[in-house]
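*Asks:* The structure under discussion is supplied below as structure tokens; questions concerning it will follow.
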Amino acid sequence: MIRNKNHPTLRRTDRRSLKRLVLFTCISLLLAACSSIDCPMNNMVHTKYLLAGDVTTLTDTLTISTDIQDGNDSVVINKQVNTDSLFLPISFQRPQDTFYFQIRRTSGIQSIDTITVHKDNRPHFESIDCSPTFFHTIQQVTTTHHAIDSVVINNPQVSYDATKAHFLIFFKSRVY
């Protein structure tokens, strides 16, 4: 059989090289697809507050604000009703967070309590591909006592796990 030099058939060595290239590409793609990044799906670090004592559900309107770094306040929860628990953010770097609990009763009377959480911040590393995260250890909590009777630290370790309440809030029962 006579072959034309301009015919587009591949030589045997070219076919082997092409097969090797395809095999190498497939293996490379497979290895890249199998790389595992262990970033958690829920990487939000919040504190959980649970109402305890005589008042386990706050039927009045609750608004919570906090200080942000530029000296202004930011509303975290706005006019929530029938509250039995809540999640509040926690700052990454500041040694303490301050929250202002504004409670407006149906009678129109309003009270404002301040809760200050003192904590240690520690960086938490998952992977270089994941967002930076900080876990916290709660050292102390203080509060004013207008509507809130007391706040108790229930779980001082703050991480991704928010199944257990970090704080128990006891409201004064005579107010409600």
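Labels for the structure tokens follow display order: chains A, B, ..., residues from 1 in each chain, ligands from 1.
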Compile the contact shell of segment 60-65 of chain A as a ChimeraX atom specification: residues with an atom at most 8 Å away, counting only C-alpha atoms, same-chain residues fewer than 2 positions apart removed.

*Replies:* /A:58,67,73-83,99-106

*Asks:* Just the residues within 6 Å of segment 92-98 of chain A, please, counting only C-alpha atoms, with nothing from its chain fewer than 5 positions along; format it as a list in words.

*Replies:*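 Residues meeting the cut-off are Thr66, Ile115, Thr116, Val117, His118, Lys119 and Phe134 of chain A.
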
*Asks:* To one decimal place, how far is atom CA of Lys48 of chain A from atom CA of Ser150 of chain A in Å?

*Replies:* 15.6 Å

*Asks:* Extract the full set of helix (DSSP H, G or I) residues from segment 9-160 of chain A according to DSSP on the backbone, and format it as a PyMOL selection string.

*Replies:* chain A and resi 12-33

*Asks:* Excluding Ala147 of chain A and its own-chain neighbours fewer than 5 positions away, which residues fall within 8 Å of it when counting only C-alpha atoms? Please give them as a PyMOL selection string.

*Replies:* chain A and resi 103+111-113+171-172+175

*Asks:* Using only C-alpha atoms, which protein or nucleic acid residues come within 10 Å of His136 of chain A? Drop anything in the same chain fewer than 3 positions from it, and give the result as a list in words.

*Replies:*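 Those residues are Val45, His46, Thr47, Ile90, Ser91, Phe92, Gln93, Pro95, His118, Lys119, Asp120, Asn121, Arg122, Pro123, His124, Gln139, Pro156, Gln157, Val158 and Ser159 of chain A.
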
*Asks:* So which one's closest to Asp54 of chain A, A:Ser127, A:Asp84, A:Asn154, A:Ser107? Using only C-alpha atoms, please.

*Replies:*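 Closest to Asp54 of chain A, using only C-alpha atoms: A:Asp84.
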
*Asks:* Hey, which of A:Arg15, A:Leu168, A:Leu23, A:Thr137 ends up closest to Val152 of chain A? Count only C-alpha atoms.

*Replies:*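 Selected residue with least distance to Val152 of chain A: A:Leu168.
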
*Asks:* Out of segment 42-120 of chain A, which residues get strand (DSSP E or B) from DSSP, as number ranges by chain?

*Replies:* A: 46-52, 58, 61-67, 73-80, 83, 85-89, 96-104, 110-120

*Asks:* Suppose we keep C-alpha atoms; can you now write the selection as an mmCIF file, in the first residue's frame?

*Replies:*
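result_27.cif was written with the following content:
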data_model
loop_
_atom_site.group_PDB
_atom_site.id
_atom_site.type_symbol
_atom_site.label_atom_id
_atom_site.label_comp_id
_atom_site.auth_asym_id
_atom_site.auth_seq_id
_atom_site.Cartn_x
_atom_site.Cartn_y
_atom_site.Cartn_z
ATOM 1 C CA HIS A 46 -22.358 32.698 67.376
ATOM 2 C CA THR A 47 -23.344 32.593 71.017
ATOM 3 C CA LYS A 48 -26.651 31.027 71.998
ATOM 4 C CA TYR A 49 -28.781 32.582 74.728
ATOM 5 C CA LEU A 50 -31.574 30.571 76.324
ATOM 6 C CA LEU A 51 -34.284 32.053 78.527
ATOM 7 C CA ALA A 52 -34.460 30.194 81.836
ATOM 8 C CA LEU A 58 -40.459 36.644 76.370
ATOM 9 C CA THR A 61 -40.965 43.027 71.777
ATOM 10 C CA LEU A 62 -37.193 42.547 71.938
ATOM 11 C CA THR A 63 -34.642 44.605 70.012
ATOM 12 C CA ILE A 64 -30.922 43.951 70.483
ATOM 13 C CA SER A 65 -28.132 46.208 69.278
ATOM 14 C CA THR A 66 -24.378 46.086 69.731
ATOM 15 C CA ASP A 67 -21.380 48.387 69.472
ATOM 16 C CA ASP A 73 -24.520 50.837 67.192
ATOM 17 C CA SER A 74 -25.807 48.088 64.945
ATOM 18 C CA VAL A 75 -29.192 46.394 65.351
ATOM 19 C CA VAL A 76 -28.759 42.629 65.557
ATOM 20 C CA ILE A 77 -32.364 41.621 66.321
ATOM 21 C CA ASN A 78 -35.212 43.968 65.490
ATOM 22 C CA LYS A 79 -38.601 43.753 67.226
ATOM 23 C CA GLN A 80 -38.656 40.013 67.857
ATOM 24 C CA THR A 83 -38.513 34.799 72.179
ATOM 25 C CA SER A 85 -33.762 31.627 72.710
ATOM 26 C CA LEU A 86 -31.564 33.684 70.422
ATOM 27 C CA PHE A 87 -28.235 33.660 68.621
ATOM 28 C CA LEU A 88 -25.940 36.666 68.792
ATOM 29 C CA PRO A 89 -22.721 37.258 66.873
ATOM 30 C CA GLN A 96 -15.414 42.116 75.074
ATOM 31 C CA ASP A 97 -18.771 42.505 73.341
ATOM 32 C CA THR A 98 -21.588 44.707 74.592
ATOM 33 C CA PHE A 99 -25.252 44.082 73.746
ATOM 34 C CA TYR A 100 -28.190 46.385 74.481
ATOM 35 C CA PHE A 101 -31.457 44.532 75.157
ATOM 36 C CA GLN A 102 -34.400 46.882 74.591
ATOM 37 C CA ILE A 103 -37.664 45.374 75.826
ATOM 38 C CA ARG A 104 -40.936 47.111 74.973
ATOM 39 C CA GLN A 110 -39.652 50.186 77.814
ATOM 40 C CA SER A 111 -36.551 48.974 79.616
ATOM 41 C CA ILE A 112 -32.981 48.664 78.388
ATOM 42 C CA ASP A 113 -30.436 46.263 79.831
ATOM 43 C CA THR A 114 -26.786 45.962 78.897
ATOM 44 C CA ILE A 115 -24.990 42.624 78.706
ATOM 45 C CA THR A 116 -21.195 42.663 78.429
ATOM 46 C CA VAL A 117 -19.354 39.457 77.523
ATOM 47 C CA HIS A 118 -15.630 39.259 78.357
ATOM 48 C CA LYS A 119 -13.775 36.627 76.344
ATOM 49 C CA ASP A 120 -10.482 35.288 75.052
#
